[in-house]
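K.L.:
One file is attached below, structure02.txt, containing compact mmCIF, C-alpha atoms.
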# COMPACT_ATOMS: atom_id res chain seq x y z
CA MET A 3 45.70 -0.76 -5.51
CA LYS A 4 45.66 2.49 -3.60
CA ASP A 5 44.84 4.48 -6.74
CA GLY A 6 42.05 2.03 -7.46
CA THR A 7 40.54 2.47 -4.02
CA ILE A 8 40.54 6.22 -4.32
CA LYS A 9 39.00 6.04 -7.78
CA HIS A 10 36.18 3.76 -6.65
CA ALA A 11 35.54 5.84 -3.58
CA THR A 12 35.36 8.97 -5.71
CA ILE A 13 32.89 7.39 -8.13
CA LEU A 14 30.65 6.18 -5.35
CA GLY A 15 30.98 9.52 -3.58
CA VAL A 16 30.04 11.50 -6.67
CA PHE A 17 26.97 9.34 -7.27
CA CYS A 18 25.86 9.68 -3.65
CA LEU A 19 26.35 13.42 -3.76
CA GLY A 20 24.55 13.76 -7.08
CA PHE A 21 21.50 11.75 -6.12
CA GLY A 22 21.51 13.23 -2.63
CA LEU A 23 21.26 16.66 -4.21
CA VAL A 24 18.45 15.59 -6.54
CA LEU A 25 16.50 14.13 -3.63
CA ALA A 26 17.08 17.18 -1.45
CA VAL A 27 15.75 19.48 -4.18
CA THR A 28 12.72 17.22 -4.78
CA ASP A 29 12.01 17.11 -1.08
CA ARG A 30 12.11 20.91 -0.92
CA LEU A 31 9.75 21.21 -3.84
CA THR A 32 7.21 18.71 -2.52
CA VAL A 33 7.30 19.18 1.25
CA ASP A 34 4.58 21.85 1.42
CA ALA A 35 2.26 20.08 -0.99
CA ILE A 36 2.66 16.82 0.94
CA LYS A 37 1.85 18.55 4.23
CA GLU A 38 -1.26 20.07 2.68
CA ARG A 39 -2.38 16.68 1.36
CA ALA A 40 -1.83 15.06 4.76
CA MET A 41 -3.96 17.77 6.38
CA GLU A 42 -6.74 17.23 3.82
CA ASP A 43 -6.64 13.47 4.43
CA ARG A 44 -6.92 13.95 8.17
CA LEU A 45 -9.80 16.41 7.80
CA ASN A 46 -11.58 13.96 5.50
CA SER A 47 -11.26 11.09 7.96
CA LEU A 48 -12.36 13.37 10.82
CA ALA A 49 -15.38 14.50 8.81
CA GLN A 50 -16.67 10.92 8.97
CA VAL A 51 -16.81 10.91 12.77
CA ILE A 52 -17.54 14.60 13.44
CA PRO A 53 -20.50 16.01 11.46
CA ALA A 54 -19.68 19.30 9.76
CA GLY A 55 -22.74 20.91 11.39
CA ILE A 56 -21.37 20.93 14.93
CA HIS A 57 -18.19 22.92 14.35
CA ASP A 58 -16.91 26.05 12.65
CA ASN A 59 -13.22 25.55 13.37
CA ASN A 60 -10.44 23.35 12.01
CA PRO A 61 -10.28 20.41 14.44
CA VAL A 62 -6.74 19.59 13.35
CA THR A 63 -5.26 22.95 14.33
CA ASP A 64 -7.32 23.07 17.55
CA ALA A 65 -6.04 19.69 18.65
CA ILE A 66 -4.40 19.00 22.01
CA ASP A 67 -2.03 16.20 22.97
CA MET A 68 -2.75 14.04 26.00
CA LYS A 69 -1.37 10.89 27.55
CA ASN A 70 -3.63 7.84 27.90
CA GLU A 71 -3.46 5.20 30.64
CA GLN A 72 -0.80 3.26 28.75
CA GLY A 73 1.30 6.41 28.64
CA GLU A 74 0.94 6.87 24.89
CA GLU A 75 0.51 10.25 23.29
CA VAL A 76 -3.01 10.72 21.90
CA THR A 77 -3.95 13.67 19.76
CA ILE A 78 -7.42 14.94 20.65
CA TYR A 79 -9.01 16.69 17.69
CA ARG A 80 -11.54 19.18 19.00
CA ALA A 81 -14.61 20.42 17.20
CA MET A 82 -15.65 23.88 18.39
CA LYS A 83 -18.55 26.17 17.65
CA ALA A 84 -18.33 29.79 18.79
CA GLY A 85 -15.40 28.93 21.05
CA GLN A 86 -17.25 26.07 22.80
CA VAL A 87 -16.01 22.50 22.44
CA THR A 88 -18.89 20.58 20.85
CA GLY A 89 -17.14 17.29 20.20
CA VAL A 90 -13.83 15.48 20.20
CA ALA A 91 -12.25 12.80 18.07
CA TYR A 92 -9.20 10.70 18.77
CA GLU A 93 -7.58 7.47 17.74
CA VAL A 94 -8.02 4.33 19.84
CA HIS A 95 -6.66 0.90 19.12
CA GLY A 96 -7.65 -2.63 19.93
CA THR A 97 -6.12 -6.03 19.37
CA GLY A 98 -7.48 -7.86 16.36
CA TYR A 99 -6.64 -11.22 14.86
CA GLY A 100 -3.84 -9.92 12.63
CA GLY A 101 -2.41 -7.20 14.86
CA PRO A 102 -3.60 -3.83 16.11
CA VAL A 103 -6.82 -2.34 14.76
CA ARG A 104 -6.73 1.45 14.71
CA LEU A 105 -9.99 3.35 14.96
CA MET A 106 -11.03 6.99 14.92
CA LEU A 107 -13.64 7.63 17.59
CA GLY A 108 -15.83 10.75 17.51
CA LEU A 109 -17.79 11.85 20.59
CA ASP A 110 -20.07 14.78 21.34
CA ALA A 111 -19.73 16.93 24.47
CA GLU A 112 -21.80 14.47 26.55
CA GLY A 113 -19.67 11.52 25.52
CA HIS A 114 -22.20 10.03 23.11
CA ILE A 115 -20.65 8.36 20.07
CA LEU A 116 -20.93 10.43 16.89
CA GLY A 117 -19.16 7.81 14.83
CA VAL A 118 -16.43 5.19 14.74
CA ARG A 119 -14.33 4.35 11.68
CA VAL A 120 -11.46 1.94 11.13
CA THR A 121 -8.34 3.76 9.98
CA ALA A 122 -5.92 0.82 9.71
CA HIS A 123 -6.08 -2.92 10.28
CA LYS A 124 -4.60 -6.21 9.07
CA GLU A 125 -7.62 -8.46 9.61
CA THR A 126 -8.44 -11.39 7.33
CA PRO A 127 -10.10 -10.25 4.10
CA GLY A 128 -13.65 -11.57 3.90
CA LEU A 129 -13.90 -12.31 7.63
CA GLY A 130 -12.51 -9.73 10.02
CA ASP A 131 -12.51 -6.88 7.53
CA LYS A 132 -16.29 -6.49 7.90
CA ILE A 133 -15.38 -3.86 10.51
CA GLU A 134 -14.67 -1.53 7.57
CA GLU A 135 -17.57 0.74 6.77
CA LYS A 136 -17.41 -0.01 3.05
CA LYS A 137 -17.59 -3.79 3.66
CA SER A 138 -20.55 -3.88 6.06
CA GLY A 139 -22.65 -1.61 8.24
CA TRP A 140 -21.49 -3.20 11.48
CA ILE A 141 -19.36 -0.28 12.63
CA LEU A 142 -22.30 2.15 12.24
CA LYS A 143 -24.18 0.44 15.10
CA PHE A 144 -21.95 2.24 17.60
CA THR A 145 -23.37 5.63 16.65
CA GLY A 146 -25.45 7.15 19.47
CA LEU A 147 -24.25 4.74 22.16
CA PHE A 148 -22.44 5.82 25.34
CA LEU A 149 -21.17 4.33 28.61
CA GLY A 150 -24.42 3.30 30.32
CA ASN A 151 -26.23 2.55 27.09
CA PRO A 152 -25.58 -0.31 26.96
CA PRO A 153 -24.49 -0.77 30.60
CA ALA A 154 -20.81 -1.41 31.22
CA ASP A 155 -21.11 -5.22 31.39
CA LYS A 156 -22.86 -5.33 28.00
CA TRP A 157 -19.96 -3.68 26.13
CA LYS A 158 -18.92 -7.08 24.78
CA VAL A 159 -19.67 -9.27 21.78
CA LYS A 160 -22.67 -11.57 22.17
CA LYS A 161 -20.46 -14.63 22.55
CA ASP A 162 -19.01 -13.05 25.73
CA GLY A 163 -22.47 -12.13 27.03
CA GLY A 164 -22.60 -8.61 25.64
CA GLN A 165 -24.84 -6.98 23.07
CA PHE A 166 -22.63 -6.60 19.98
CA ASP A 167 -22.79 -9.05 17.07
CA GLN A 168 -19.69 -10.98 16.16
CA PHE A 169 -19.15 -12.13 12.55
CA ALA A 170 -19.54 -15.71 11.39
CA GLY A 171 -16.03 -17.09 11.60
CA ALA A 172 -14.53 -14.02 13.24
CA THR A 173 -15.00 -13.19 16.90
CA ILE A 174 -11.57 -11.87 17.82
CA THR A 175 -11.79 -8.84 15.52
CA PRO A 176 -15.14 -7.43 16.75
CA ARG A 177 -14.16 -8.28 20.33
CA GLY A 178 -11.05 -6.13 19.90
CA VAL A 179 -13.03 -3.30 18.35
CA VAL A 180 -15.71 -3.28 21.05
CA ALA A 181 -13.04 -3.27 23.75
CA ALA A 182 -11.21 -0.42 22.03
CA VAL A 183 -14.34 1.72 21.73
CA ARG A 184 -15.22 1.06 25.36
CA GLY A 185 -11.67 1.97 26.37
CA GLY A 186 -11.98 5.17 24.37
CA LEU A 187 -15.21 6.09 26.18
CA GLU A 188 -13.64 5.46 29.56
CA PHE A 189 -10.71 7.64 28.56
CA PHE A 190 -13.17 10.42 27.75
CA ALA A 191 -15.01 9.98 31.05
CA ALA A 192 -11.76 10.22 32.99
CA ASN A 193 -10.43 13.25 31.14
CA LYS A 194 -13.59 15.11 30.20
CA THR A 195 -12.70 18.43 31.81
CA LYS A 196 -9.29 18.55 30.24
CA MET A 197 -10.65 17.71 26.79
CA MET A 198 -13.43 20.27 27.07
CA GLY A 199 -11.26 22.97 28.60
CA ALA A 200 -9.61 25.88 26.83
CA LYS A 201 -6.42 25.21 24.97
CA MET B 25 18.94 -3.68 -35.35
CA ALA B 26 15.21 -4.12 -35.78
CA THR B 27 15.41 -7.76 -34.72
CA ASP B 28 17.42 -6.65 -31.72
CA TYR B 29 14.54 -4.49 -30.48
CA GLN B 30 12.06 -7.26 -31.23
CA ARG B 31 14.15 -9.62 -29.16
CA ILE B 32 14.11 -7.18 -26.22
CA VAL B 33 10.34 -6.76 -26.42
CA LYS B 34 9.71 -10.50 -26.68
CA ASP B 35 12.16 -11.30 -23.89
CA GLY B 36 10.52 -8.84 -21.54
CA LEU B 37 6.92 -9.74 -22.25
CA TRP B 38 7.16 -13.51 -22.63
CA ASP B 39 10.35 -15.46 -23.34
CA ASN B 40 12.34 -14.22 -20.37
CA ASN B 41 9.43 -12.85 -18.31
CA GLY B 42 10.61 -11.62 -14.92
CA VAL B 43 8.06 -13.55 -12.89
CA LEU B 44 7.07 -16.53 -15.02
CA CYS B 45 10.51 -17.39 -16.35
CA MET B 46 13.22 -15.83 -14.17
CA LEU B 47 11.15 -16.14 -10.98
CA LEU B 48 12.41 -12.78 -9.75
CA GLY B 49 10.48 -10.24 -7.71
CA MET B 50 8.52 -12.97 -5.94
CA CYS B 51 7.98 -10.87 -2.80
CA PRO B 52 5.73 -8.21 -4.39
CA THR B 53 4.29 -10.89 -6.67
CA MET B 54 2.96 -12.85 -3.70
CA ALA B 55 2.10 -9.92 -1.47
CA MET B 56 0.37 -7.54 -3.85
CA THR B 57 -1.69 -9.77 -6.13
CA THR B 58 -4.80 -10.12 -4.00
CA SER B 59 -6.70 -8.38 -6.80
CA ALA B 60 -6.10 -7.59 -10.46
CA THR B 61 -6.08 -3.87 -9.72
CA ASN B 62 -3.40 -4.24 -7.05
CA GLY B 63 -1.27 -6.31 -9.42
CA LEU B 64 -1.67 -3.74 -12.16
CA GLY B 65 -0.75 -0.85 -9.86
CA MET B 66 2.30 -2.58 -8.43
CA GLY B 67 3.41 -3.59 -11.93
CA LEU B 68 3.07 -0.11 -13.42
CA ALA B 69 4.93 1.57 -10.56
CA THR B 70 7.73 -0.99 -10.93
CA ALA B 71 7.87 -0.47 -14.71
CA VAL B 72 8.40 3.29 -14.25
CA VAL B 73 11.23 2.74 -11.79
CA MET B 74 12.81 0.05 -13.99
CA ALA B 75 12.75 2.21 -17.11
CA ALA B 76 14.26 5.19 -15.28
CA SER B 77 17.00 3.25 -13.52
CA ASN B 78 17.91 1.20 -16.62
CA LEU B 79 18.26 4.46 -18.53
CA LEU B 80 20.49 6.04 -15.88
CA VAL B 81 22.76 3.03 -15.51
CA ALA B 82 23.16 2.72 -19.29
CA LEU B 83 24.06 6.43 -19.46
CA PHE B 84 26.78 6.09 -16.84
CA ARG B 85 27.81 2.51 -17.64
CA ASP B 86 31.36 3.52 -18.68
CA ARG B 87 31.87 5.53 -15.50
CA ILE B 88 30.72 2.92 -13.01
CA THR B 89 33.59 0.57 -12.16
CA GLN B 90 33.07 -3.14 -11.48
CA GLU B 91 34.03 -2.81 -7.82
CA VAL B 92 31.39 -0.27 -6.82
CA ARG B 93 28.65 -1.14 -9.30
CA ILE B 94 26.32 -2.90 -6.84
CA PRO B 95 26.15 0.00 -4.33
CA VAL B 96 25.70 2.44 -7.21
CA TYR B 97 22.83 0.35 -8.65
CA ILE B 98 21.13 0.15 -5.28
CA LEU B 99 21.60 3.88 -4.85
CA ILE B 100 20.03 4.57 -8.24
CA VAL B 101 17.02 2.28 -7.68
CA ALA B 102 16.44 3.71 -4.21
CA ALA B 103 16.74 7.28 -5.47
CA MET B 104 14.26 6.63 -8.30
CA VAL B 105 11.80 5.04 -5.89
CA THR B 106 12.05 7.97 -3.47
CA LEU B 107 11.65 10.45 -6.31
CA VAL B 108 8.51 8.72 -7.59
CA ASP B 109 7.17 8.44 -4.04
CA LEU B 110 7.62 12.15 -3.24
CA THR B 111 6.30 13.53 -6.52
CA MET B 112 3.28 11.27 -6.54
CA ASN B 113 2.45 12.07 -2.94
CA ALA B 114 2.58 15.80 -3.68
CA TRP B 115 0.98 16.11 -7.09
CA MET B 116 -0.93 12.89 -7.79
CA HIS B 117 -2.32 12.34 -4.35
CA GLU B 118 -5.44 10.37 -5.31
CA LEU B 119 -3.31 7.89 -7.20
CA TYR B 120 -0.78 7.89 -4.40
CA LYS B 121 -3.42 6.81 -1.89
CA VAL B 122 -3.93 3.66 -3.94
CA LEU B 123 -0.37 3.05 -5.10
CA GLY B 124 1.55 4.56 -2.20
CA LEU B 125 1.65 1.27 -0.40
CA PHE B 126 3.41 -0.41 -3.32
CA ILE B 127 6.02 2.15 -4.19
CA ALA B 128 8.36 1.72 -1.24
CA LEU B 129 8.23 -2.04 -1.84
CA ILE B 130 9.93 -1.67 -5.22
CA VAL B 131 13.29 -1.19 -3.47
CA SER B 132 13.06 -4.72 -2.16
CA ASN B 133 12.30 -6.13 -5.62
CA CYS B 134 15.33 -7.86 -7.12
CA LEU B 135 14.05 -7.66 -10.69
CA PRO B 136 15.18 -4.03 -11.31
CA LEU B 137 18.60 -4.81 -9.83
CA ALA B 138 18.92 -7.95 -11.95
CA ARG B 139 18.18 -6.03 -15.15
CA LEU B 140 20.71 -3.33 -14.28
CA GLU B 141 23.40 -5.93 -13.72
CA ALA B 142 22.51 -8.24 -16.60
CA PHE B 143 21.45 -5.76 -19.23
CA ALA B 144 21.76 -2.02 -18.67
CA SER B 145 25.41 -2.19 -17.55
CA LYS B 146 26.41 -3.70 -20.92
CA GLU B 147 24.00 -2.34 -23.52
CA PRO B 148 23.44 1.05 -25.18
CA VAL B 149 21.02 3.59 -23.77
CA LEU B 150 18.03 3.00 -26.05
CA ASN B 151 18.21 -0.78 -25.71
CA SER B 152 18.37 -0.46 -21.93
CA LEU B 153 15.42 1.90 -21.79
CA LEU B 154 13.39 -0.52 -23.91
CA ASP B 155 14.47 -3.43 -21.75
CA GLY B 156 13.37 -1.55 -18.63
CA ILE B 157 10.00 -0.69 -20.13
CA PHE B 158 9.21 -4.14 -21.48
CA MET B 159 10.58 -6.11 -18.54
CA GLY B 160 8.40 -3.81 -16.41
CA LEU B 161 5.38 -4.41 -18.62
CA GLY B 162 6.00 -8.16 -18.57
CA PHE B 163 6.07 -7.94 -14.78
CA THR B 164 2.84 -5.89 -14.86
CA ILE B 165 1.08 -8.46 -17.06
CA SER B 166 2.13 -11.40 -14.86
CA LEU B 167 1.01 -9.61 -11.69
CA THR B 168 -2.30 -8.56 -13.22
CA VAL B 169 -3.04 -12.10 -14.41
CA ILE B 170 -2.12 -13.66 -11.05
CA GLY B 171 -4.20 -10.97 -9.34
CA ALA B 172 -7.15 -11.57 -11.66
CA VAL B 173 -7.18 -15.34 -11.05
CA ARG B 174 -6.90 -14.90 -7.28
CA GLU B 175 -9.55 -12.18 -7.25
CA ILE B 176 -12.09 -14.10 -9.33
CA ILE B 177 -11.79 -17.28 -7.27
CA GLY B 178 -11.18 -15.54 -3.94
CA SER B 179 -13.68 -12.68 -3.92
CA GLY B 180 -15.73 -13.28 -7.06
CA THR B 181 -14.92 -9.87 -8.53
CA LEU B 182 -12.56 -8.68 -11.25
CA PHE B 183 -10.75 -5.33 -11.30
CA ALA B 184 -12.62 -4.13 -8.19
CA ASP B 185 -11.69 -0.49 -7.44
CA ALA B 186 -10.00 -0.11 -10.83
CA SER B 187 -11.57 3.33 -11.16
CA LEU B 188 -9.65 4.48 -8.06
CA LEU B 189 -6.40 3.56 -9.79
CA LEU B 190 -7.08 4.51 -13.40
CA GLY B 191 -9.77 7.18 -13.10
CA PRO B 192 -13.59 7.10 -13.32
CA ALA B 193 -13.44 6.32 -17.06
CA PHE B 194 -12.38 2.78 -16.19
CA LYS B 195 -15.42 2.03 -14.05
CA PHE B 196 -16.57 -0.45 -16.74
CA LEU B 197 -13.67 -2.75 -15.84
CA GLU B 198 -15.14 -3.45 -12.41
CA MET B 199 -17.04 -6.71 -12.64
CA ARG B 200 -18.67 -9.21 -10.37
CA ILE B 201 -18.03 -12.68 -11.75
CA LEU B 202 -19.38 -14.85 -8.94
CA PRO B 203 -22.27 -14.05 -6.56
CA GLU B 204 -21.41 -12.34 -3.29
CA ASP B 205 -19.91 -14.41 -0.44
CA THR B 206 -18.97 -17.37 -2.63
CA GLY B 207 -15.24 -16.61 -2.71
CA VAL B 208 -12.68 -19.22 -1.70
CA LEU B 209 -10.83 -17.31 0.99
CA VAL B 210 -7.54 -19.19 0.69
CA MET B 211 -6.92 -17.65 -2.73
CA ILE B 212 -6.74 -14.18 -1.19
CA LEU B 213 -4.46 -15.39 1.59
CA PRO B 214 -0.73 -16.03 1.00
CA PRO B 215 -1.10 -19.72 -0.08
CA GLY B 216 -3.25 -18.58 -3.01
CA GLY B 217 -0.34 -16.51 -4.30
CA PHE B 218 1.98 -19.51 -4.36
CA LEU B 219 -0.66 -21.74 -5.96
CA VAL B 220 -1.58 -19.37 -8.76
CA ALA B 221 1.98 -18.22 -9.50
CA GLY B 222 3.14 -21.83 -9.60
CA LEU B 223 0.32 -22.93 -11.91
CA LEU B 224 1.01 -20.01 -14.25
CA VAL B 225 4.70 -20.93 -14.45
CA VAL B 226 3.61 -24.46 -15.42
CA ALA B 227 1.13 -23.09 -17.96
CA LYS B 228 3.81 -20.93 -19.58
CA ARG B 229 6.20 -23.89 -19.87
CA ILE B 230 3.53 -26.09 -21.39
CA LEU B 231 2.75 -23.40 -23.98
CA ASP B 232 6.47 -23.02 -24.74
CA VAL B 233 6.89 -26.77 -25.21
CA ARG B 234 3.81 -26.92 -27.45
CA ALA B 235 5.27 -24.10 -29.53
CA GLY B 236 8.32 -26.29 -30.01
CA LYS B 237 10.68 -24.06 -28.11
CA GLY B 238 11.57 -26.63 -25.50
CA ILE B 239 11.80 -25.58 -21.91
CA GLN B 240 13.67 -22.31 -21.66
CA MET B 241 16.29 -22.27 -18.99
CA ALA B 242 15.26 -19.90 -16.29
CA GLY B 243 17.58 -16.92 -16.33
CA ALA B 244 19.16 -17.87 -19.65
CA HIS B 245 19.57 -14.20 -20.50
CA SER B 246 20.21 -12.95 -17.01
CA VAL B 247 23.27 -13.14 -14.77
Here is the file; what I need is its structure written in the form of structure tokens.
P.N.:
Amino acid sequence: MKDGTIKHATILGVFCLGFGLVLAVTDRLTVDAIKERAMEDRLNSLAQVIPAGIHDNNPVTDAIDMKNEQGEEVTIYRAMKAGQVTGVAYEVHGTGYGGPVRLMLGLDAEGHILGVRVTAHKETPGLGDKIEEKKSGWILKFTGLFLGNPPADKWKVKKDGGQFDQFAGATITPRGVVAAVRGGLEFFAANKTKMMGAK
Amino acid sequence: MATDYQRIVKDGLWDNNGVLCMLLGMCPTMAMTTSATNGLGMGLATAVVMAASNLLVALFRDRITQEVRIPVYILIVAAMVTLVDLTMNAWMHELYKVLGLFIALIVSNCLPLARLEAFASKEPVLNSLLDGIFMGLGFTISLTVIGAVREIIGSGTLFADASLLLGPAFKFLEMRILPEDTGVLVMILPPGGFLVAGLLVVAKRILDVRAGKGIQMAGAHSV
């Protein structure tokens, strides 16, 4: 019995060690490439909310970390031209029908929206997923707006007395998105100096 | 021997199909078949992992003792999945963006584990490799068909985004079958998965009975 136990333990141990080694080597070989790919992905998604024309830096390396009102860490990607901050982009999230909706919000130095894009969501296909840019143009309507245009009490879907369209059969999703964008603008207004300041 | 290989191929693709006969791997089957392309991607990734882990277990089958075989099998499947995940993320990133979601899910699929236990632990290396490949392909076909039915009825398209998965050369596969906004939403939602998978199981049995085979016992060749 005792011999058996030792034998089984050895077999299991050798397999764990062997595959552990294989995985460690693979991880070593791929870690740099994976980091590079992740950086490219982030730059690509930032490029949709920060036009290439307004910056000559890498917004990912010039990012700063801040805390929002809920105490969560938010990474502020900063677009700079000739050392001046010309725009910022950061992730905001709202509550949709199927869970959190994550959005990337891009603003210029005055706090006007350069663009909003959905980065992750679990909304119902065919109803709530019209917030995706490739499904409908709804999300593009935010471009150019700011706090004050429309006025604060109009930052709602039409059903709640605001100015944004809801979708047929889906109100909760756009309501969550509008609230998230508005929250993101208020966050900018409250922290403008820090976001615009030097690193 | 030739008939032996034929048997393995036929078992994997039809007679003992992982989804339609053994009813294994139902979790990815339900979750990932919202479109034909998703089903195809999930199936292919699973087939690669199944072939590799079947091969490894068959190689070491005399070394692995009865008492520790299950942890060793799980270790091997998990290691293969991680390996595929890392290499694809690093060197096939475009494909990874489409398939990445599916790969980690393979660990939770009981079909690879069932084939290791029922087949690869007893059979020679080449047979096991073949079994892994064809069981994987059978799984791929079932998922693609379920995905295709759900996609056509649910969104009115077929193989949407196939060019993202297979490369621009496969753009011709992307079709619109029904006019826009006519889809029956429930087919894309979870109930659609159960409905279509269930109907396909029935269809397979009817075909088998017609062919005079009688109803095959589910899992007749498995554990």
K.L.:
Pick out the closest residue to Val179 (chain A) from this set: A:Ala122, A:Ala81, A:Ala49, A:Val90. Count only C-alpha atoms.
P.N.:
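Smallest separation from Val179 (chain A) among the options: A:Ala122.
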K.L.:
Can you tell me which residues surround Ala186 (chain B) at a distance of at most 12 Å, considering only C-alpha atoms, apart from same-chain residues fewer than 2 positions away, and format the answer as a short mmCIF file (atom, residue, chain, number, x, y, z; two decimals) with C-alpha atoms, in the coordinates of the input?
P.N.:
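Writing the result to result28.cif gives the following:
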data_model
loop_
_atom_site.label_atom_id
_atom_site.label_comp_id
_atom_site.auth_asym_id
_atom_site.auth_seq_id
_atom_site.Cartn_x
_atom_site.Cartn_y
_atom_site.Cartn_z
CA SER B 59 -6.70 -8.38 -6.80
CA ALA B 60 -6.10 -7.59 -10.46
CA THR B 61 -6.08 -3.87 -9.72
CA ASN B 62 -3.40 -4.24 -7.05
CA GLY B 63 -1.27 -6.31 -9.42
CA LEU B 64 -1.67 -3.74 -12.16
CA GLY B 65 -0.75 -0.85 -9.86
CA LEU B 119 -3.31 7.89 -7.20
CA VAL B 122 -3.93 3.66 -3.94
CA LEU B 123 -0.37 3.05 -5.10
CA THR B 168 -2.30 -8.56 -13.22
CA ALA B 172 -7.15 -11.57 -11.66
CA THR B 181 -14.92 -9.87 -8.53
CA LEU B 182 -12.56 -8.68 -11.25
CA PHE B 183 -10.75 -5.33 -11.30
CA ALA B 184 -12.62 -4.13 -8.19
CA LEU B 188 -9.65 4.48 -8.06
CA LEU B 189 -6.40 3.56 -9.79
CA LEU B 190 -7.08 4.51 -13.40
CA GLY B 191 -9.77 7.18 -13.10
CA PRO B 192 -13.59 7.10 -13.32
CA ALA B 193 -13.44 6.32 -17.06
CA PHE B 194 -12.38 2.78 -16.19
CA LYS B 195 -15.42 2.03 -14.05
CA PHE B 196 -16.57 -0.45 -16.74
CA LEU B 197 -13.67 -2.75 -15.84
CA GLU B 198 -15.14 -3.45 -12.41
CA MET B 199 -17.04 -6.71 -12.64
#
K.L.:
Just give me the gap between CA of Asp155 (chain B) and CA of Leu79 (chain B) in Å, one decimal is fine.
P.N.:
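Result for CA of Asp155 (chain B) versus CA of Leu79 (chain B): 9.3 Å, one decimal.
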K.L.:
Report the distance between CA of Tyr97 (chain B) and CA of Val81 (chain B) in Å, rounded to one decimal place.
P.N.:
7.4 Å
K.L.:
Given a cut-off of 12 Å, which residues of chain A touch chain B, counting all atoms listed in the file, written out as a ChimeraX atom specification?
P.N.:
/A:6-40,42-43,124-130,136-137,170-171
K.L.:
So that I have them on file, write out the residues from the current selection with C-alpha atoms, as a short mmCIF file (atom, residue, chain, number, x, y, z; two decimals), keeping the file's coordinate frame.
P.N.:
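So part-v8.cif came out as:
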data_model
loop_
_atom_site.label_atom_id
_atom_site.label_comp_id
_atom_site.auth_asym_id
_atom_site.auth_seq_id
_atom_site.Cartn_x
_atom_site.Cartn_y
_atom_site.Cartn_z
CA GLY A 6 42.05 2.03 -7.46
CA THR A 7 40.54 2.47 -4.02
CA ILE A 8 40.54 6.22 -4.32
CA LYS A 9 39.00 6.04 -7.78
CA HIS A 10 36.18 3.76 -6.65
CA ALA A 11 35.54 5.84 -3.58
CA THR A 12 35.36 8.97 -5.71
CA ILE A 13 32.89 7.39 -8.13
CA LEU A 14 30.65 6.18 -5.35
CA GLY A 15 30.98 9.52 -3.58
CA VAL A 16 30.04 11.50 -6.67
CA PHE A 17 26.97 9.34 -7.27
CA CYS A 18 25.86 9.68 -3.65
CA LEU A 19 26.35 13.42 -3.76
CA GLY A 20 24.55 13.76 -7.08
CA PHE A 21 21.50 11.75 -6.12
CA GLY A 22 21.51 13.23 -2.63
CA LEU A 23 21.26 16.66 -4.21
CA VAL A 24 18.45 15.59 -6.54
CA LEU A 25 16.50 14.13 -3.63
CA ALA A 26 17.08 17.18 -1.45
CA VAL A 27 15.75 19.48 -4.18
CA THR A 28 12.72 17.22 -4.78
CA ASP A 29 12.01 17.11 -1.08
CA ARG A 30 12.11 20.91 -0.92
CA LEU A 31 9.75 21.21 -3.84
CA THR A 32 7.21 18.71 -2.52
CA VAL A 33 7.30 19.18 1.25
CA ASP A 34 4.58 21.85 1.42
CA ALA A 35 2.26 20.08 -0.99
CA ILE A 36 2.66 16.82 0.94
CA LYS A 37 1.85 18.55 4.23
CA GLU A 38 -1.26 20.07 2.68
CA ARG A 39 -2.38 16.68 1.36
CA ALA A 40 -1.83 15.06 4.76
CA GLU A 42 -6.74 17.23 3.82
CA ASP A 43 -6.64 13.47 4.43
CA LYS A 124 -4.60 -6.21 9.07
CA GLU A 125 -7.62 -8.46 9.61
CA THR A 126 -8.44 -11.39 7.33
CA PRO A 127 -10.10 -10.25 4.10
CA GLY A 128 -13.65 -11.57 3.90
CA LEU A 129 -13.90 -12.31 7.63
CA GLY A 130 -12.51 -9.73 10.02
CA LYS A 136 -17.41 -0.01 3.05
CA LYS A 137 -17.59 -3.79 3.66
CA ALA A 170 -19.54 -15.71 11.39
CA GLY A 171 -16.03 -17.09 11.60
#
K.L.:
What box, with edges along x, y and z, holds each listed atom of region 138-155 of chain B when 8 Å is added on every side, and can you state its centre and edge lengths in Å to one decimal, as lines of an AutoDock Vina configuration file?
P.N.:
center_x = 19.9
center_y = -2.3
center_z = -19.0
size_x = 29.0
size_y = 27.8
size_z = 30.1
K.L.:
Can you tell me how far CA of Ile94 (chain B) sits from CA of Leu129 (chain B), in Å to one decimal?
P.N.:
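Distance between the two atoms: 18.8 Å.
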K.L.:
Do a neighbour search on region 30-37 of chain B at 10 Å with only C-alpha atoms, toss out local chain neighbours closer than 2 positions, and write the hits as a compact mmCIF listing (two decimals) with C-alpha atoms, keeping the file's coordinate frame.
P.N.:
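Okay, this is what ended up in part_6.txt:
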# COMPACT_ATOMS: atom_id res chain seq x y z
CA MET B 25 18.94 -3.68 -35.35
CA ALA B 26 15.21 -4.12 -35.78
CA THR B 27 15.41 -7.76 -34.72
CA ASP B 28 17.42 -6.65 -31.72
CA ASP B 39 10.35 -15.46 -23.34
CA ASN B 40 12.34 -14.22 -20.37
CA ASN B 41 9.43 -12.85 -18.31
CA GLY B 42 10.61 -11.62 -14.92
CA LEU B 44 7.07 -16.53 -15.02
CA CYS B 45 10.51 -17.39 -16.35
CA ASN B 151 18.21 -0.78 -25.71
CA SER B 152 18.37 -0.46 -21.93
CA LEU B 154 13.39 -0.52 -23.91
CA ASP B 155 14.47 -3.43 -21.75
CA GLY B 156 13.37 -1.55 -18.63
CA ILE B 157 10.00 -0.69 -20.13
CA PHE B 158 9.21 -4.14 -21.48
CA MET B 159 10.58 -6.11 -18.54
CA GLY B 160 8.40 -3.81 -16.41
CA LEU B 161 5.38 -4.41 -18.62
CA GLY B 162 6.00 -8.16 -18.57
CA PHE B 163 6.07 -7.94 -14.78
CA THR B 164 2.84 -5.89 -14.86
CA ILE B 165 1.08 -8.46 -17.06
CA SER B 166 2.13 -11.40 -14.86
CA HIS B 245 19.57 -14.20 -20.50
